[in-house]
Amino acid sequence: MLNDHYEITLATHWLSALVNDDYTGLEDNEAADLDVFMYDYWRLPDALFSIVDDTNRLAIDEVSGLLADCYTCRVYFTNKETASC
């Protein structure tokens, strides 16, 4: 059961990989960078992703640190401290 979330700013470039688990649009090094960011940095291997709203904007992408066309996304995960048994 997913019971908590973070909101992060992500470039449109990453969304297909995160929301649909479709990495075909990424180069190998980009897929590795994304995995490091999400799974090593956030430590959320079983997270689910959704786009909060459908309005993209120019912002700093949290994966690359570069200015890009971005969306605010939610990362849903199980918080073991607050999860009920």
# chains A, B, ... in the order shown; residues from 1 in each chain; ligands from 1
>>> select_by_dssp(residues="region 8-78 of chain A", states="strand (DSSP E or B)", output="ChimeraX atom specification")
/A:8-11,48-51,57-60,67-77
>>> residues_around(residues="region 46-63 of chain A", least_positions_apart="2", cutoff="10 Å", atoms="only C-alpha atoms", output="CSV table (one decimal) with C-alpha atoms, in the first residue's frame")
chain,number,residue,atom,x,y,z
A,2,LEU,CA,1.4,3.4,-1.0
A,5,HIS,CA,4.5,10.9,-1.6
A,6,TYR,CA,7.1,13.5,-2.6
A,7,GLU,CA,6.6,16.2,-5.2
A,8,ILE,CA,9.5,16.7,-7.6
A,9,THR,CA,10.2,18.7,-10.7
A,10,LEU,CA,11.1,16.5,-13.7
A,11,ALA,CA,11.8,17.3,-17.3
A,12,THR,CA,9.4,15.9,-19.9
A,13,HIS,CA,12.4,13.8,-21.1
A,14,TRP,CA,12.1,11.4,-18.1
A,15,LEU,CA,8.4,11.0,-17.9
A,17,ALA,CA,10.5,6.0,-18.3
A,18,LEU,CA,9.1,6.9,-14.9
A,19,VAL,CA,5.3,6.9,-15.5
A,20,ASN,CA,5.1,4.1,-18.1
A,21,ASP,CA,8.3,2.2,-17.4
A,30,GLU,CA,20.6,8.7,-19.3
A,33,ASP,CA,21.5,8.5,-14.4
A,34,LEU,CA,17.8,8.3,-13.9
A,35,ASP,CA,18.1,5.0,-12.0
A,36,VAL,CA,20.8,6.5,-9.8
A,37,PHE,CA,18.7,9.5,-9.0
A,38,MET,CA,15.5,7.6,-8.2
A,39,TYR,CA,16.8,4.4,-6.7
A,42,TRP,CA,15.7,8.5,-3.1
A,43,ARG,CA,15.8,4.7,-2.3
A,44,LEU,CA,12.3,4.1,-3.7
A,65,GLY,CA,20.1,20.0,-12.7
A,66,LEU,CA,19.5,21.7,-16.1
A,67,LEU,CA,16.9,24.2,-17.2
A,68,ALA,CA,14.2,22.2,-19.1
A,69,ASP,CA,10.5,21.9,-20.0
A,70,CYS,CA,9.3,20.4,-16.7
A,71,TYR,CA,6.2,19.0,-14.9
A,72,THR,CA,5.6,18.7,-11.2
A,73,CYS,CA,5.3,15.0,-10.5
A,74,ARG,CA,4.4,12.9,-7.4
A,75,VAL,CA,6.4,10.0,-6.3
A,76,TYR,CA,4.2,7.6,-4.3
A,77,PHE,CA,5.8,5.2,-1.9
A,78,THR,CA,5.3,3.2,1.2
>>> select_by_dssp(residues="chain A", states="alpha helix (DSSP H)", output="PyMOL selection string")
chain A and resi 12-20+28-35
